[in-house]
$ cat target-v1.cif   # mmCIF, C-alpha atoms
data_data
loop_
_atom_site.label_atom_id
_atom_site.label_comp_id
_atom_site.auth_asym_id
_atom_site.auth_seq_id
_atom_site.Cartn_x
_atom_site.Cartn_y
_atom_site.Cartn_z
CA MET A 1 -4.74 -9.04 -19.68
CA THR A 2 -3.45 -12.58 -19.30
CA VAL A 3 -1.68 -13.90 -16.24
CA ARG A 4 0.74 -16.29 -17.86
CA ASP A 5 3.66 -14.21 -16.54
CA LEU A 6 2.85 -14.12 -12.82
CA HIS A 7 6.26 -13.91 -11.17
CA PHE A 8 5.69 -17.07 -9.11
CA LYS A 9 3.76 -19.16 -11.70
CA GLN A 10 1.44 -21.28 -9.62
CA GLU A 11 0.55 -24.70 -10.95
CA ILE A 12 -3.10 -25.07 -12.02
CA ARG A 13 -4.93 -28.15 -10.79
CA GLU A 14 -8.02 -29.66 -12.39
CA LEU A 15 -10.46 -31.27 -9.97
CA THR A 16 -13.74 -33.15 -10.30
CA PRO A 17 -16.12 -34.37 -7.58
CA LEU A 18 -14.31 -37.71 -7.77
CA ASP A 19 -11.12 -36.14 -6.41
CA ALA A 20 -10.45 -36.13 -2.68
CA ASP A 21 -9.36 -32.46 -2.84
CA TYR A 22 -12.68 -31.32 -4.30
CA PRO A 23 -14.27 -28.94 -1.73
CA GLU A 24 -16.81 -30.68 0.49
CA ARG A 25 -18.85 -27.47 0.63
CA LEU A 26 -19.54 -27.76 -3.10
CA ARG A 27 -20.46 -31.43 -3.30
CA ASN A 28 -24.08 -30.99 -2.21
CA ILE A 29 -25.02 -27.62 -3.69
CA PRO A 30 -27.46 -27.49 -6.62
CA ASP A 31 -25.53 -28.04 -9.85
CA PRO A 32 -22.04 -28.55 -8.35
CA PRO A 33 -19.20 -27.71 -10.77
CA ARG A 34 -18.23 -30.73 -12.84
CA THR A 35 -14.69 -29.40 -13.10
CA LEU A 36 -12.78 -26.92 -10.97
CA TYR A 37 -9.59 -25.27 -12.11
CA VAL A 38 -7.55 -24.08 -9.13
CA ARG A 39 -4.45 -21.88 -9.00
CA GLY A 40 -3.05 -21.71 -5.49
CA SER A 41 -5.05 -23.19 -2.61
CA LEU A 42 -8.67 -23.99 -1.80
CA PRO A 43 -10.39 -22.96 1.44
CA PRO A 44 -9.91 -25.84 3.93
CA ASP A 45 -13.14 -27.69 4.68
CA ASP A 46 -12.56 -27.40 8.44
CA ARG A 47 -11.94 -23.63 8.56
CA PRO A 48 -14.68 -20.95 8.63
CA THR A 49 -15.29 -18.83 5.53
CA VAL A 50 -17.41 -15.83 4.63
CA ALA A 51 -18.22 -14.20 1.31
CA ILE A 52 -17.97 -10.41 1.07
CA ILE A 53 -20.01 -9.13 -1.87
CA GLY A 54 -21.77 -6.01 -3.08
CA ALA A 55 -21.94 -3.19 -5.57
CA ARG A 56 -19.29 -2.72 -8.23
CA SER A 57 -19.84 1.05 -8.21
CA ALA A 58 -19.50 1.25 -4.45
CA SER A 59 -19.24 4.37 -2.31
CA ASP A 60 -16.05 5.33 -0.51
CA TYR A 61 -17.79 4.36 2.74
CA GLY A 62 -18.74 0.93 1.38
CA LEU A 63 -15.20 0.28 0.15
CA GLN A 64 -13.79 1.32 3.52
CA VAL A 65 -16.15 -0.96 5.43
CA ALA A 66 -15.52 -3.90 3.08
CA ARG A 67 -11.76 -3.59 3.40
CA SER A 68 -11.94 -3.19 7.19
CA PHE A 69 -14.24 -6.21 7.59
CA GLY A 70 -12.09 -8.30 5.25
CA ARG A 71 -8.99 -7.46 7.25
CA ALA A 72 -10.56 -7.97 10.68
CA LEU A 73 -12.17 -11.30 9.82
CA ALA A 74 -9.13 -12.62 7.96
CA MET A 75 -6.97 -11.87 10.99
CA GLN A 76 -9.19 -14.20 13.00
CA GLY A 77 -8.43 -17.06 10.59
CA ILE A 78 -11.61 -16.73 8.51
CA GLY A 79 -11.19 -17.32 4.78
CA ILE A 80 -12.58 -14.48 2.66
CA ILE A 81 -14.45 -15.60 -0.47
CA SER A 82 -15.39 -13.25 -3.30
CA GLY A 83 -15.33 -12.79 -7.02
CA MET A 84 -12.48 -10.27 -7.38
CA ALA A 85 -14.97 -7.97 -9.12
CA ALA A 86 -14.61 -4.20 -8.97
CA GLY A 87 -16.00 -2.47 -5.90
CA ILE A 88 -17.01 -4.29 -2.70
CA ASP A 89 -15.69 -7.71 -3.80
CA SER A 90 -12.17 -6.43 -4.43
CA ALA A 91 -12.16 -4.24 -1.32
CA GLY A 92 -13.00 -7.19 0.94
CA GLN A 93 -10.22 -9.23 -0.63
CA TRP A 94 -7.75 -6.35 -0.34
CA GLY A 95 -8.58 -6.34 3.37
CA ALA A 96 -7.46 -9.95 3.65
CA VAL A 97 -4.33 -9.10 1.68
CA ASP A 98 -3.66 -6.21 4.09
CA ALA A 99 -3.64 -8.83 6.86
CA GLU A 100 -1.38 -11.08 4.75
CA ALA A 101 -4.10 -13.71 5.12
CA LYS A 102 -5.87 -16.09 2.78
CA THR A 103 -8.62 -15.03 0.42
CA TYR A 104 -10.15 -16.95 -2.49
CA ALA A 105 -11.37 -15.49 -5.77
CA VAL A 106 -13.99 -17.29 -7.86
CA PHE A 107 -13.65 -16.22 -11.49
CA GLY A 108 -16.31 -15.78 -14.14
CA CYS A 109 -13.64 -16.40 -16.77
CA GLY A 110 -10.61 -18.64 -17.14
CA LEU A 111 -7.72 -18.49 -14.70
CA ASN A 112 -5.38 -17.20 -17.41
CA VAL A 113 -7.54 -14.08 -17.74
CA CYS A 114 -7.55 -11.30 -15.14
CA TYR A 115 -10.90 -9.50 -15.07
CA PRO A 116 -11.10 -6.64 -14.47
CA ALA A 117 -7.57 -6.10 -15.76
CA ARG A 118 -6.79 -3.51 -13.08
CA ASN A 119 -6.98 -6.28 -10.47
CA PHE A 120 -3.79 -7.89 -11.76
CA LEU A 121 -1.91 -6.89 -8.59
CA LEU A 122 -4.73 -8.20 -6.38
CA TYR A 123 -4.64 -11.54 -8.21
CA ASP A 124 -0.90 -11.65 -7.62
CA LYS A 125 -1.25 -10.84 -3.90
CA ILE A 126 -4.02 -13.40 -3.36
CA LEU A 127 -1.64 -16.10 -4.49
CA GLU A 128 1.37 -14.64 -2.69
CA TYR A 129 -0.37 -14.89 0.70
CA GLY A 130 -1.51 -18.47 0.23
CA GLY A 131 -5.01 -17.97 -1.14
CA GLY A 132 -6.35 -19.19 -4.43
CA ALA A 133 -8.15 -18.51 -7.68
CA ILE A 134 -10.96 -20.85 -8.73
CA SER A 135 -13.00 -21.28 -11.90
CA GLU A 136 -15.15 -23.91 -13.58
CA LEU A 137 -14.26 -22.48 -17.00
CA PRO A 138 -11.38 -23.42 -19.35
CA LEU A 139 -8.17 -21.53 -18.63
CA ASP A 140 -8.45 -18.98 -21.44
CA ALA A 141 -12.23 -18.49 -21.37
CA PRO A 142 -13.09 -14.78 -21.78
CA PRO A 143 -15.38 -12.92 -19.35
CA ILE A 144 -19.02 -13.19 -20.48
CA GLY A 145 -21.99 -11.91 -18.47
CA LYS A 146 -23.89 -15.17 -18.02
CA GLN A 147 -20.75 -16.85 -16.68
CA PHE A 148 -20.56 -14.39 -13.80
CA ALA A 149 -24.15 -15.16 -12.82
CA SER A 150 -23.34 -18.88 -12.88
CA ARG A 151 -20.14 -18.57 -10.82
CA ASN A 152 -22.07 -16.87 -8.01
CA ARG A 153 -23.40 -20.25 -6.80
CA ILE A 154 -19.77 -21.26 -6.24
CA ILE A 155 -19.06 -18.13 -4.19
CA ALA A 156 -22.12 -18.89 -2.06
CA GLY A 157 -21.24 -22.57 -1.88
CA LEU A 158 -17.73 -21.99 -0.55
CA ALA A 159 -18.95 -19.57 2.15
CA ASP A 160 -20.44 -20.37 5.54
CA ALA A 161 -22.13 -16.95 5.53
CA VAL A 162 -22.61 -14.17 2.99
CA LEU A 163 -22.04 -10.50 3.85
CA VAL A 164 -23.73 -7.93 1.60
CA LEU A 165 -22.20 -4.50 2.21
CA GLU A 166 -23.78 -2.33 -0.49
CA ALA A 167 -26.35 -3.15 -3.15
CA ARG A 168 -28.89 -1.26 -5.17
CA GLU A 169 -32.55 -2.25 -5.18
CA LYS A 170 -32.10 -4.19 -8.43
CA SER A 171 -28.62 -5.58 -8.12
CA GLY A 172 -26.72 -8.55 -9.50
CA THR A 173 -25.73 -9.20 -5.90
CA PHE A 174 -29.17 -10.72 -5.39
CA ILE A 175 -28.18 -13.61 -7.67
CA THR A 176 -25.53 -14.65 -5.15
CA VAL A 177 -27.96 -14.05 -2.28
CA GLY A 178 -30.55 -16.27 -3.99
CA ASP A 179 -27.98 -19.02 -4.49
CA ALA A 180 -26.92 -18.72 -0.84
CA LEU A 181 -30.51 -18.98 0.39
CA ASP A 182 -31.08 -22.04 -1.81
CA GLN A 183 -28.05 -23.58 -0.13
CA GLY A 184 -29.27 -22.71 3.37
CA LYS A 185 -26.59 -20.11 4.04
CA GLN A 186 -26.91 -17.19 6.47
CA ILE A 187 -27.15 -13.69 4.96
CA PHE A 188 -25.88 -10.56 6.69
CA ALA A 189 -26.58 -7.08 5.31
CA LEU A 190 -25.05 -3.73 6.23
CA PRO A 191 -27.85 -1.23 6.98
CA GLY A 192 -27.74 2.23 5.44
CA ARG A 193 -29.64 5.46 5.02
CA VAL A 194 -33.05 5.13 3.41
CA THR A 195 -32.10 7.91 0.98
CA ASP A 196 -28.96 6.15 -0.19
CA GLY A 197 -29.47 4.18 -3.39
CA LEU A 198 -26.54 1.88 -2.60
CA SER A 199 -28.19 0.90 0.70
CA LYS A 200 -31.65 0.13 -0.65
CA GLY A 201 -30.77 -3.45 -1.53
CA CYS A 202 -29.24 -4.09 1.91
CA ASN A 203 -32.21 -2.52 3.71
CA GLN A 204 -34.52 -4.66 1.59
CA LEU A 205 -32.62 -7.81 2.60
CA ILE A 206 -32.93 -6.87 6.26
CA ARG A 207 -36.70 -6.39 5.87
CA GLN A 208 -36.82 -9.85 4.33
CA GLY A 209 -35.01 -11.44 7.28
CA ALA A 210 -31.27 -11.01 6.74
CA ASP A 211 -29.24 -10.44 9.89
CA ILE A 212 -28.14 -6.85 10.50
CA LEU A 213 -24.39 -6.46 10.11
CA THR A 214 -22.92 -3.89 12.49
CA SER A 215 -19.41 -5.18 13.21
CA PRO A 216 -17.09 -8.15 12.59
CA GLU A 217 -18.22 -9.51 15.97
CA ASP A 218 -21.67 -10.22 14.51
CA VAL A 219 -20.02 -12.70 12.15
CA LEU A 220 -17.70 -14.14 14.81
CA GLU A 221 -20.69 -14.88 17.04
CA TYR A 222 -22.59 -16.56 14.20
CA LEU A 223 -19.57 -18.75 13.46
CA HIS A 224 -19.50 -19.78 17.15
CA LEU A 225 -16.21 -18.07 17.82
CA THR A 226 -16.26 -16.90 21.43
CA TYR A 227 -17.07 -13.20 21.48
CA HIS A 228 -15.06 -12.36 24.61
CA LYS A 229 -11.99 -14.18 23.40
CA GLU A 230 -12.12 -12.65 19.93
CA GLN A 231 -12.74 -9.19 21.33
CA GLN A 232 -9.67 -9.50 23.51
CA MET A 233 -7.64 -10.55 20.51
CA LEU A 234 -8.80 -7.53 18.55
CA GLU A 235 -8.19 -5.26 21.54
CA LYS A 236 -4.63 -6.44 22.16
CA ASP A 237 -3.45 -6.82 18.58
CA VAL A 238 -2.93 -3.14 17.77
CA SER A 239 -0.33 -4.18 15.19
CA MET A 240 -3.17 -4.49 12.69
CA LEU A 241 -3.75 -0.73 12.97
CA ASN A 242 -1.91 1.87 10.93
CA PRO A 243 0.06 4.57 12.81
CA LYS A 244 -2.78 7.12 12.80
CA GLN A 245 -5.30 4.52 14.03
CA GLN A 246 -2.89 3.49 16.80
CA ARG A 247 -2.46 7.13 17.85
CA VAL A 248 -6.21 7.71 18.09
CA TYR A 249 -6.75 4.40 19.88
CA ALA A 250 -4.08 5.35 22.45
CA ALA A 251 -5.99 8.59 23.14
CA LEU A 252 -9.21 6.72 23.92
CA ASP A 253 -10.12 5.38 27.35
CA VAL A 254 -12.77 3.09 28.80
CA GLU A 255 -14.58 6.27 29.82
CA ALA A 256 -16.18 8.03 26.87
CA LYS A 257 -14.55 11.26 25.69
CA HIS A 258 -16.23 13.96 23.62
CA LEU A 259 -14.99 14.52 20.09
CA ASP A 260 -13.83 18.03 21.00
CA GLN A 261 -11.57 16.61 23.74
CA LEU A 262 -9.99 14.22 21.28
CA ILE A 263 -9.50 16.94 18.66
CA GLY A 264 -7.68 19.09 21.22
CA LYS A 265 -5.51 16.18 22.36
CA LEU A 266 -4.63 14.88 18.90
CA SER A 267 -4.56 18.15 16.90
CA MET A 268 -6.53 16.57 14.05
CA SER A 269 -9.32 17.98 11.93
CA VAL A 270 -12.88 16.90 12.65
CA GLN A 271 -13.07 15.15 9.28
CA GLU A 272 -9.83 13.20 9.71
CA LEU A 273 -10.54 12.18 13.30
CA SER A 274 -14.14 11.16 12.55
CA SER A 275 -12.94 8.97 9.69
CA ILE A 276 -10.35 7.22 11.90
CA LEU A 277 -12.89 6.73 14.71
CA LEU A 278 -15.25 5.08 12.22
CA GLU A 279 -12.46 2.74 11.11
CA LEU A 280 -11.70 1.83 14.74
CA GLU A 281 -15.39 1.19 15.41
CA ILE A 282 -15.67 -1.10 12.39
CA LEU A 283 -12.59 -3.02 13.51
CA GLY A 284 -14.04 -3.45 17.01
CA PHE A 285 -11.58 -1.18 18.85
CA SER A 286 -13.94 1.66 19.77
CA GLU A 287 -17.60 2.51 20.18
CA SER A 288 -19.81 5.57 20.48
CA PRO A 289 -22.20 5.18 23.45
CA LYS A 290 -23.90 8.48 22.63
CA LEU A 291 -23.65 11.12 19.95
CA GLY A 292 -20.25 12.81 19.90
CA PHE A 293 -18.66 10.58 22.57
CA TYR A 294 -16.15 7.79 21.96
CA ARG A 295 -14.42 5.16 24.10
CA ARG A 296 -12.40 1.97 23.81
CA ARG A 297 -14.47 -1.13 23.26
CA ILE A 298 -13.93 -3.59 26.10
#
$ encode --input "target-v1.cif" --output "structure tokens"
Amino acid sequence: MTVRDLHFKQEIRELTPLDADYPERLRNIPDPPRTLYVRGSLPPDDRPTVAIIGARSASDYGLQVARSFGRALAMQGIGIISGMAAGIDSAGQWGAVDAEAKTYAVFGCGLNVCYPARNFLLYDKILEYGGGAISELPLDAPPIGKQFASRNRIIAGLADAVLVLEAREKSGTFITVGDALDQGKQIFALPGRVTDGLSKGCNQLIRQGADILTSPEDVLEYLHLTYHKEQQMLEKDVSMLNPKQQRVYAALDVEAKHLDQLIGKLSMSVQELSSILLELEILGFSESPKLGFYRRRI
């Protein structure tokens, strides 16, 4: 599917390293792009960015975490970088879109081609909320495998840190990780069960020295954003929560409550309530100090 008919037709710019608008983050990476085609905006050089990447065939849990992290970090003014691929990449960028914040997609094809085609709406929303689409390929270049491997160095180059949320033991995600390590970037990996194939790559990265990713605050601390200040922002800004999340959050207290107490108070099923509590924990609104007990995160 082409994107010549986007309802707001953004102008496409062509940049080289000789242009002042060329991203500073890319100037000193190995093999910097000789030409960048840009629709929309580029991530500002003076604002923090993170890449959210991972498996295309992601689990529901992985997609939920990616979207929650993308939303929470974008709401703190962090630019979300990814490749608009199926799975984790798209979920992280949808999270930024949920927050009506900026996210930047690096294409492995030309900017007049939407790949995968089902991400046409995501492409549209990225531009609507002030983000951008970026490629080093001619505008109508089709998606070819080797081009996606090559574009990964640009994803890594534009990011101050790389978050890997799900990856198999032999995953294309490791190409981006390798590029990021070559560029001296910090890697975070979401730990998972040892029996889960989609977590084996992340667990392997942690064994090799990647930082363990447990919440958005891990990233905020790395980026030298004051933890206490950011936590207060997350705590107060309940507008980012959907109605069900707000209802569960209102039922929590600084003193931990058992799941059974919350079920009785909220009249929700165990499955529904557990899912919402996980979402709140990922977003930094709640925590579980011991098995079966939940409280507001201070």
$ residues_around --input "target-v1.cif" --residues "A:Arg193" --least-positions-apart "4" --cutoff "12 Å" --atoms "all atoms listed in the file" --output "list in words"
Glu166, Gly197, Leu198, Ser199, Lys200, Gly201, Cys202, Asn203 and Gln204 of chain A
$ residues_around --input "target-v1.cif" --residues "stretch 168-173 of chain A" --least-positions-apart "6" --cutoff "12 Å" --atoms "all atoms listed in the file" --output "compact mmCIF listing (two decimals) with C-alpha atoms, in the coordinates of the input"
# COMPACT_ATOMS: atom_id res chain seq x y z
CA ALA A 51 -18.22 -14.20 1.31
CA ILE A 52 -17.97 -10.41 1.07
CA ILE A 53 -20.01 -9.13 -1.87
CA GLY A 54 -21.77 -6.01 -3.08
CA ALA A 55 -21.94 -3.19 -5.57
CA ARG A 56 -19.29 -2.72 -8.23
CA SER A 57 -19.84 1.05 -8.21
CA ALA A 58 -19.50 1.25 -4.45
CA SER A 59 -19.24 4.37 -2.31
CA SER A 82 -15.39 -13.25 -3.30
CA GLY A 83 -15.33 -12.79 -7.02
CA ALA A 85 -14.97 -7.97 -9.12
CA GLY A 87 -16.00 -2.47 -5.90
CA ILE A 88 -17.01 -4.29 -2.70
CA ASP A 89 -15.69 -7.71 -3.80
CA GLY A 145 -21.99 -11.91 -18.47
CA LYS A 146 -23.89 -15.17 -18.02
CA PHE A 148 -20.56 -14.39 -13.80
CA ALA A 149 -24.15 -15.16 -12.82
CA SER A 150 -23.34 -18.88 -12.88
CA ARG A 151 -20.14 -18.57 -10.82
CA ASN A 152 -22.07 -16.87 -8.01
CA ARG A 153 -23.40 -20.25 -6.80
CA ILE A 155 -19.06 -18.13 -4.19
CA ALA A 156 -22.12 -18.89 -2.06
CA VAL A 162 -22.61 -14.17 2.99
CA ASP A 179 -27.98 -19.02 -4.49
CA ALA A 180 -26.92 -18.72 -0.84
CA ILE A 187 -27.15 -13.69 4.96
CA ALA A 189 -26.58 -7.08 5.31
CA GLY A 192 -27.74 2.23 5.44
CA VAL A 194 -33.05 5.13 3.41
CA THR A 195 -32.10 7.91 0.98
CA ASP A 196 -28.96 6.15 -0.19
CA GLY A 197 -29.47 4.18 -3.39
CA LEU A 198 -26.54 1.88 -2.60
CA SER A 199 -28.19 0.90 0.70
CA LYS A 200 -31.65 0.13 -0.65
CA GLY A 201 -30.77 -3.45 -1.53
CA CYS A 202 -29.24 -4.09 1.91
CA ASN A 203 -32.21 -2.52 3.71
CA GLN A 204 -34.52 -4.66 1.59
CA LEU A 205 -32.62 -7.81 2.60
$ atom_distance --input "target-v1.cif" --atom1 "atom CA of A:His258" --atom2 "atom CA of A:Phe285"
16.5 Å
$ residues_around --input "target-v1.cif" --residues "A:Val97" --least-positions-apart "6" --cutoff "10 Å" --atoms "only C-alpha atoms" --output "PyMOL selection string"
chain A and resi 67+70-71+74+80+91+103+122+125-131
$ closest_residue --input "target-v1.cif" --among "A:Leu26, A:Leu291, A:Leu42, A:Leu278" --to "A:Val65" --atoms "all atoms listed in the file"
A:Leu278
$ resolve_selection --input "target-v1.cif" --expression "the PyMOL selection byres ((chain A and resi 21) around 12)" --output "PyMOL selection string"
chain A and resi 13-20+22-27+35-38+41-45
$ write_last_selection --input "target-v1.cif" --atoms "C-alpha atoms" --output "PDB file, in the coordinates of the input"
ATOM      1  CA  ARG A  13      -4.930 -28.150 -10.790  1.00  0.00           C
ATOM      2  CA  GLU A  14      -8.020 -29.660 -12.390  1.00  0.00           C
ATOM      3  CA  LEU A  15     -10.460 -31.270  -9.970  1.00  0.00           C
ATOM      4  CA  THR A  16     -13.740 -33.150 -10.300  1.00  0.00           C
ATOM      5  CA  PRO A  17     -16.120 -34.370  -7.580  1.00  0.00           C
ATOM      6  CA  LEU A  18     -14.310 -37.710  -7.770  1.00  0.00           C
ATOM      7  CA  ASP A  19     -11.120 -36.140  -6.410  1.00  0.00           C
ATOM      8  CA  ALA A  20     -10.450 -36.130  -2.680  1.00  0.00           C
ATOM      9  CA  TYR A  22     -12.680 -31.320  -4.300  1.00  0.00           C
ATOM     10  CA  PRO A  23     -14.270 -28.940  -1.730  1.00  0.00           C
ATOM     11  CA  GLU A  24     -16.810 -30.680   0.490  1.00  0.00           C
ATOM     12  CA  ARG A  25     -18.850 -27.470   0.630  1.00  0.00           C
ATOM     13  CA  LEU A  26     -19.540 -27.760  -3.100  1.00  0.00           C
ATOM     14  CA  ARG A  27     -20.460 -31.430  -3.300  1.00  0.00           C
ATOM     15  CA  THR A  35     -14.690 -29.400 -13.100  1.00  0.00           C
ATOM     16  CA  LEU A  36     -12.780 -26.920 -10.970  1.00  0.00           C
ATOM     17  CA  TYR A  37      -9.590 -25.270 -12.110  1.00  0.00           C
ATOM     18  CA  VAL A  38      -7.550 -24.080  -9.130  1.00  0.00           C
ATOM     19  CA  SER A  41      -5.050 -23.190  -2.610  1.00  0.00           C
ATOM     20  CA  LEU A  42      -8.670 -23.990  -1.800  1.00  0.00           C
ATOM     21  CA  PRO A  43     -10.390 -22.960   1.440  1.00  0.00           C
ATOM     22  CA  PRO A  44      -9.910 -25.840   3.930  1.00  0.00           C
ATOM     23  CA  ASP A  45     -13.140 -27.690   4.680  1.00  0.00           C
TER      24      ASP A  45
END
$ closest_residue --input "target-v1.cif" --among "A:Gln76, A:Ser135, A:Asn112, A:Gln93" --to "A:Pro48" --atoms "all atoms listed in the file"
A:Gln76
$ decode --input "target-v1.cif" --residues "stretch 50-61 of chain A" --atoms "N, CA, C and O atoms" --output "compact mmCIF listing (two decimals), in the first residue's frame"
# COMPACT_ATOMS: atom_id res chain seq x y z
N VAL A 50 14.40 6.87 23.30
CA VAL A 50 14.67 5.44 23.51
C VAL A 50 14.06 4.66 22.35
O VAL A 50 13.03 5.06 21.79
N ALA A 51 14.70 3.57 22.01
CA ALA A 51 14.15 2.65 21.02
C ALA A 51 13.44 1.52 21.75
O ALA A 51 13.95 0.97 22.72
N ILE A 52 12.24 1.18 21.28
CA ILE A 52 11.51 0.03 21.79
C ILE A 52 11.43 -0.99 20.67
O ILE A 52 10.82 -0.74 19.63
N ILE A 53 12.06 -2.15 20.88
CA ILE A 53 12.16 -3.15 19.81
C ILE A 53 11.89 -4.55 20.38
O ILE A 53 11.92 -4.76 21.59
N GLY A 54 11.66 -5.49 19.47
CA GLY A 54 11.46 -6.86 19.91
C GLY A 54 10.79 -7.71 18.85
O GLY A 54 10.76 -7.36 17.66
N ALA A 55 10.22 -8.81 19.29
CA ALA A 55 9.70 -9.83 18.39
C ALA A 55 8.52 -9.33 17.57
O ALA A 55 7.67 -8.59 18.06
N ARG A 56 8.48 -9.76 16.32
CA ARG A 56 7.31 -9.46 15.49
C ARG A 56 6.12 -10.31 15.92
O ARG A 56 4.99 -9.82 16.00
N SER A 57 6.36 -11.58 16.18
CA SER A 57 5.29 -12.47 16.67
C SER A 57 5.30 -12.43 18.19
O SER A 57 5.66 -13.41 18.87
N ALA A 58 4.91 -11.31 18.74
CA ALA A 58 5.00 -11.10 20.18
C ALA A 58 3.79 -11.71 20.89
O ALA A 58 2.73 -11.94 20.30
N SER A 59 3.95 -11.95 22.19
CA SER A 59 2.84 -12.43 23.01
C SER A 59 1.94 -11.26 23.37
O SER A 59 2.31 -10.09 23.25
N ASP A 60 0.74 -11.58 23.84
CA ASP A 60 -0.17 -10.53 24.30
C ASP A 60 0.48 -9.74 25.45
O ASP A 60 0.34 -8.52 25.52
N TYR A 61 1.19 -10.44 26.32
CA TYR A 61 1.87 -9.79 27.44
C TYR A 61 2.93 -8.81 26.92
O TYR A 61 3.00 -7.67 27.36
